[in-house]
Number of protein chains: 4
Amino acid sequence: MMEILSFFAVAEKYKAVFLDSYGVIKNHKGLIEGAQNTIDFLRSRDIAIRILTNDASRSQQQQAESFLKLGLKGIDTHEIVTSGMMAKQFLQQKILGGRIAYLGTENSAEYILQSGLEHVAIRDVQFDAIDDISAFVFLDDEGFDWNTDINKTVNLLRRRNIPVIVANSDKLYPVSRNDVSVATGGIAKLVENMLTKKFIHFGKPDTQMFMYAYDELNLSGSFSKQEILMVGDNLNTDILGGNKFGLKTTLVLSGNTSAADAELQINASGIIPDYICASIVS
Amino acid sequence: MMEILSFFAVAEKYKAVFLDSYGVIKNHKGLIEGAQNTIDFLRSRDIAIRILTNDASRSQQQQAESFLKLGLKGIDTHEIVTSGMMAKQFLQQKILGGRIAYLGTENSAEYILQSGLEHVAIRDVQFDAIDDISAFVFLDDEGFDWNTDINKTVNLLRRRNIPVIVANSDKLYPVSRNDVSVATGGIAKLVENMLTKKFIHFGKPDTQMFMYAYDELNLSGSFSKQEILMVGDNLNTDILGGNKFGLKTTLVLSGNTSAADAELQINASGIIPDYICASIVS
Amino acid sequence: MMEILSFFAVAEKYKAVFLDSYGVIKNHKGLIEGAQNTIDFLRSRDIAIRILTNDASRSQQQQAESFLKLGLKGIDTHEIVTSGMMAKQFLQQKILGGRIAYLGTENSAEYILQSGLEHVAIRDVQFDAIDDISAFVFLDDEGFDWNTDINKTVNLLRRRNIPVIVANSDKLYPVSRNDVSVATGGIAKLVENMLTKKFIHFGKPDTQMFMYAYDELNLSGSFSKQEILMVGDNLNTDILGGNKFGLKTTLVLSGNTSAADAELQINASGIIPDYICASIVS
Amino acid sequence: MMEILSFFAVAEKYKAVFLDSYGVIKNHKGLIEGAQNTIDFLRSRDIAIRILTNDASRSQQQQAESFLKLGLKGIDTHEIVTSGMMAKQFLQQKILGGRIAYLGTENSAEYILQSGLEHVAIRDVQFDAIDDISAFVFLDDEGFDWNTDINKTVNLLRRRNIPVIVANSDKLYPVSRNDVSVATGGIAKLVENMLTKKFIHFGKPDTQMFMYAYDELNLSGSFSKQEILMVGDNLNTDILGGNKFGLKTTLVLSGNTSAADAELQINASGIIPDYICASIVS
């Protein structure tokens, strides 16, 4: 019933392709076999590439290096857009003084919070000296002790009504073929439920990353939204966000959404991709 | 505790001001007294003005005429941004064939759905000829019979899995000092609950209107986000959206949020404006 | 994979059977063919019967008469438990003075609100004389004009902070093989969303009806929960509620949940019936 | 505006009083000063007492001992009703074979899961031998490593579609005057969000505990619902549940709801107690 198309046949009709990373280019075992070939095909047709990933654990540079390490050549740093970059941009624009407290790794704090402001891990926050804390950021699901630091976050945010930023709104991420792990967005949601407050979330399906990629793309050419194809494995982030931003969308069945579930999930959610492909390599 | 500032003193520090309409410039009685003076002040300082309103019942032109009718001079058509415009843009980009069914007035259908495609009011839909219906739009809370047309919408959307667009996501709007009315977004939410599907919503706090106003503004000048002030009476739409887009935000107490409630609502929601002013005229 | 059992073989192991009505005993076309035979079988084995239905449009007596009219003999009035009875009981216990305003038919108001207190349809409420209104009841999806009376309800409940009772929490009900209609619970949810308040809901999956049936059953015998089988076509009301109350549960595939969807819905929801039968007649 | 009544004057009109524990009888510092006097007063008037607490960490016996240790005399074991007892009852009625996996302390597992079935802490679950796991229980927020065992729970419940029981649905609990801790119900909600499944929750505001206390009370006398007063510090659990069960309700201002917030929260939530008292000792 549902027609599975060749990714090459679909992609060649567009001037630019936006690709999700996990489940599209790579998975828990490494690079998806044949990914290099697809990237080379797009380059050979002069189709612009951008990679849009909900990730705040690594900087743009670290992401680019990580693709190289996996064996994928030719991805340029400026072609990568992460939800962490959106959070960083927001902090630079809106948080102009004070200290920024965070939940996450030192590494993610380093690159996201490098705005001239001091930052402090939640475990190092002293509750008798919090008046200068001006924002809180959920960065990552690692780098802290869940047993103590989640509660400490709740209690800090009960004492200080400050902007709270979620640098990656994904609720979970895959760690192997069968298993998942609670992600930053899941922990942030737990805290949001405790406090019944509204945090500021970054990451697909929100349109900021699409907008950023679109604006940056148009610095070096002229691309209308109809000329751009968004490719993702997740209906609720990639396809919903791409549709809403006005792009054409392709669901690939190589990640979060299996061939067996796709039609059902599309009908149940009402989130409808323009195309469906087995993967970006077929 | 909460400092109430003069709007003039706040606004004159910015190169552009984005204003919500209802509760800021006008209310159920008409124009807010002194609004013309504030607009004139902004013009005299060469501060650019854009009006961002969650409204899909009237076109940009009709909105501009309506300000004139209320007695507010000098608002240009291109300075108005409505959620209906966003819906229209989406439909033009994404829905390229078939018929568009809708819930709303003939007038709103006229201007939003003028994309070369045929449109049909839900009451005129024949269930034996719906295969060519390619999208559904919630336009307005008027122009149909609630007793029959809401159910007919539910049943159409059970038969056809098509993109569903909500041209104004507001749940309610004020009709007098004390009374409100269920708005388009409220009816759409009811239908979404029935179907457990995800519709595509337009309107603040989503960033599309901010992005549109920002891009359009930068066609005729160079404005960074830090140079723009968003002014609104509603924490959940104007201030949340403005904050998330990276603008400075001012809550005015002349509409949805009363002086008595402001501090409490800010603390309860965690949505924090950069400034608070009694109104745009003080 | 999923084993479909004979209802007779399952039921004969129990001392009492609780049956949902719509989708189990009857459907949009009338009585389910063979229902009389099943009722007779249960009687012949001395298995007690109770019918638990989310319905507030008709009294216990009217429900019993309606089964007779459909051709089902031998259902006694006291064997019927409706969500409307629960609402009535609540009002008698908790609302001891003032007038009760309602949304619904005159008939449902008659039987539910017969507690010595005056009742008034929302359309007849005068906003200058509402100080004595002591409760509001969502009774039915008929008997009022949706275009005006839903808004009037919202505005009454903005003026008066009083207990609000939802006599049937179902969001929708079937009207034909393909079509549904928004039910009382759906309208109540819309108003709840407008006001961000919590109403008092009656009907499965809440345990009141189970508790009522269980207590009433034990007036004339001694039944433990393990000796009672709940039979329903709806995972979210019949099976969830029955499980939570500690009864054994049977999902029948003759109503809301089709054979094609059952396994999937059970896996997706985590609501697990003890048995699955095609219907009560097979 | 809101009238604060004497607890003694209110209570003496009833034949039985149901008391929440935390925030009513005790708080983070220990027994509320004067609590013994109030209990003695109720005894002297032959007013029956039951204590209804959302707690699954200690058995009925351990709860009674704990009151004695705090210095409160004369609370009998059978007068205590906990959400853990409800979970235990459910497991005994519904889970008749296999092993029960759990998140919580060994102590809570001991008393709740003592049903002849083997139980296993999530940390000891081996994923290659899970076919006999027949239910999962969220018991407590202690007794496990949050860093690993929450994820392990998510992944177990992705592999096995089994009944999941939440023995205490509270999202948080107070640990000092200013600080709270995420409770079992909060962790369960996190996992529920990950899986988008529906767990079976025990604890107020659900009616099971009220029903249990009511039935048990009527073993030794004849009490109608109108003759029972529910006393609690929490609108969303004690008052909502008490109202829904048909009891009269008293909000006390000695715990979760401060005098400053009470009127506001009542208006915002629509959850309306019949009486308001400063505490049970005034």
# chains A, B, ... in the order shown; residues from 1 in each chain; ligands from 1

$ residues_around --residues "segment 50-55 of chain A" --least-positions-apart "6" --cutoff "9 Å" --atoms "only C-alpha atoms" --output "MDAnalysis selection string"
chainID A and resid 16:22 75 78:85 139:140 167:170 202:204 209:210 213 217 238

$ closest_atom_pairs --of "chain D" --to "chain C" --cutoff "6 Å" --atoms "only C-alpha atoms" --output "CSV"
residue,atom,partner,partner_atom,distance
D:Phe90,CA,C:Gly246,CA,5.7
D:Gln93,CA,C:Gly246,CA,5.9
D:Lys197,CA,C:Ser269,CA,4.7
D:Lys198,CA,C:Gly270,CA,5.9
D:Gly246,CA,C:Phe90,CA,5.7
D:Ser269,CA,C:Lys197,CA,4.7
D:Gly270,CA,C:Lys197,CA,5.4

$ write_last_selection --atoms "C-alpha atoms" --output "PDB file, in the first residue's frame"
ATOM      1  CA  PHE D  90      -3.975  -5.865  43.840  1.00  0.00           C
ATOM      2  CA  GLN D  93      -5.778 -10.674  43.446  1.00  0.00           C
ATOM      3  CA  LYS D 197       2.047   3.216  28.419  1.00  0.00           C
ATOM      4  CA  LYS D 198      -0.512   3.344  31.212  1.00  0.00           C
ATOM      5  CA  GLY D 246     -18.485  11.808  48.622  1.00  0.00           C
ATOM      6  CA  SER D 269      -7.828  24.277  40.608  1.00  0.00           C
ATOM      7  CA  GLY D 270     -11.569  24.215  41.187  1.00  0.00           C
TER       8      GLY D 270
END

$ residues_around --residues "Glu65 of chain D" --least-positions-apart "4" --cutoff "9 Å" --atoms "only C-alpha atoms" --output "list in words"
Gln60, Gln61, Lys69, Leu70, Ile75 and Thr77 of chain D

$ select_by_dssp --residues "segment 22-219 of chain B" --states "strand (DSSP E)" --output "VMD selection string"
chain B and resid 26 to 27 30 to 31 48 to 53 80 to 82 99 to 103 119 to 121 133 to 138 164 to 166 172 to 174 180 to 182 200 to 201

$ write_last_selection --atoms "C-alpha atoms" --output "compact mmCIF listing (two decimals), in the first residue's frame"
# COMPACT_ATOMS: atom_id res chain seq x y z
CA LYS B 26 -6.70 47.44 21.41
CA ASN B 27 -9.20 45.72 23.67
CA GLY B 30 -11.67 49.58 20.93
CA LEU B 31 -8.30 51.27 20.71
CA ALA B 48 10.53 49.92 13.34
CA ILE B 49 7.11 48.45 14.24
CA ARG B 50 5.60 45.07 13.50
CA ILE B 51 2.28 43.79 14.84
CA LEU B 52 2.17 40.02 15.49
CA THR B 53 -1.33 38.70 16.03
CA ILE B 80 1.19 43.18 10.15
CA VAL B 81 1.98 39.50 10.69
CA THR B 82 -0.88 37.07 11.41
CA ARG B 99 -9.31 20.13 -2.46
CA ILE B 100 -8.89 21.79 0.95
CA ALA B 101 -11.73 21.31 3.44
CA TYR B 102 -12.16 23.85 6.25
CA LEU B 103 -14.02 24.93 9.35
CA HIS B 119 -11.80 24.69 -1.09
CA VAL B 120 -14.92 23.33 0.52
CA ALA B 121 -16.64 24.11 3.82
CA ILE B 133 -9.50 16.17 -0.15
CA SER B 134 -5.81 16.77 0.49
CA ALA B 135 -5.79 18.91 3.67
CA PHE B 136 -8.05 20.26 6.38
CA VAL B 137 -7.80 23.73 7.93
CA PHE B 138 -9.24 25.04 11.20
CA VAL B 164 -4.51 19.18 9.38
CA ILE B 165 -3.62 22.83 9.86
CA VAL B 166 -4.73 25.06 12.74
CA LEU B 172 -9.98 31.36 23.77
CA TYR B 173 -10.41 35.06 23.15
CA PRO B 174 -12.04 37.84 25.18
CA VAL B 180 -14.42 34.88 26.72
CA SER B 181 -15.27 32.69 23.79
CA VAL B 182 -13.80 29.35 22.75
CA ILE B 200 0.10 21.49 12.61
CA HIS B 201 -0.49 24.61 14.68

$ atom_distance --atom1 "atom CA of Phe7 of chain D" --atom2 "atom CA of Gln62 of chain D"
27.9 Å

$ select_by_dssp --residues "segment 47-253 of chain C" --states "helix (DSSP H, G or I)" --output "PyMOL selection string"
chain C and resi 60-70+77-79+83-94+106-112+122-124+146-159+184-195+208-220+225-227+235-245

$ residues_around --residues "segment 176-178 of chain A" --least-positions-apart "6" --cutoff "8 Å" --atoms "only C-alpha atoms" --output "number ranges by chain"
A: 28-29; D: 155

$ write_last_selection --atoms "all heavy atoms" --output "PDB file, in the first residue's frame"
ATOM      1  N   HIS A  28      23.786   2.369  16.155  1.00  0.00           N
ATOM      2  CA  HIS A  28      24.594   1.951  17.302  1.00  0.00           C
ATOM      3  C   HIS A  28      25.830   1.148  16.895  1.00  0.00           C
ATOM      4  O   HIS A  28      26.762   1.004  17.679  1.00  0.00           O
ATOM      5  CB  HIS A  28      23.734   1.142  18.279  1.00  0.00           C
ATOM      6  CG  HIS A  28      23.274  -0.167  17.696  1.00  0.00           C
ATOM      7  ND1 HIS A  28      22.173  -0.259  16.878  1.00  0.00           N
ATOM      8  CD2 HIS A  28      23.774  -1.412  17.791  1.00  0.00           C
ATOM      9  CE1 HIS A  28      21.998  -1.514  16.506  1.00  0.00           C
ATOM     10  NE2 HIS A  28      22.958  -2.234  17.045  1.00  0.00           N
ATOM     11  N   LYS A  29      25.834   0.609  15.670  1.00  0.00           N
ATOM     12  CA  LYS A  29      26.998  -0.175  15.244  1.00  0.00           C
ATOM     13  C   LYS A  29      28.044   0.677  14.530  1.00  0.00           C
ATOM     14  O   LYS A  29      29.157   0.236  14.284  1.00  0.00           O
ATOM     15  CB  LYS A  29      26.555  -1.308  14.302  1.00  0.00           C
ATOM     16  CG  LYS A  29      25.819  -2.429  15.024  1.00  0.00           C
ATOM     17  CD  LYS A  29      25.462  -3.546  14.068  1.00  0.00           C
ATOM     18  CE  LYS A  29      24.487  -3.043  13.023  1.00  0.00           C
ATOM     19  NZ  LYS A  29      23.901  -4.137  12.209  1.00  0.00           N
TER      20      LYS A  29
ATOM     21  N   ASN D 155      14.071  -0.620  29.857  1.00  0.00           N
ATOM     22  CA  ASN D 155      14.376  -1.654  28.867  1.00  0.00           C
ATOM     23  C   ASN D 155      13.711  -2.994  29.180  1.00  0.00           C
ATOM     24  O   ASN D 155      13.302  -3.716  28.264  1.00  0.00           O
ATOM     25  CB  ASN D 155      15.895  -1.788  28.703  1.00  0.00           C
ATOM     26  CG  ASN D 155      16.454  -0.589  27.951  1.00  0.00           C
ATOM     27  OD1 ASN D 155      15.923  -0.203  26.911  1.00  0.00           O
ATOM     28  ND2 ASN D 155      17.497   0.041  28.496  1.00  0.00           N
TER      29      ASN D 155
END
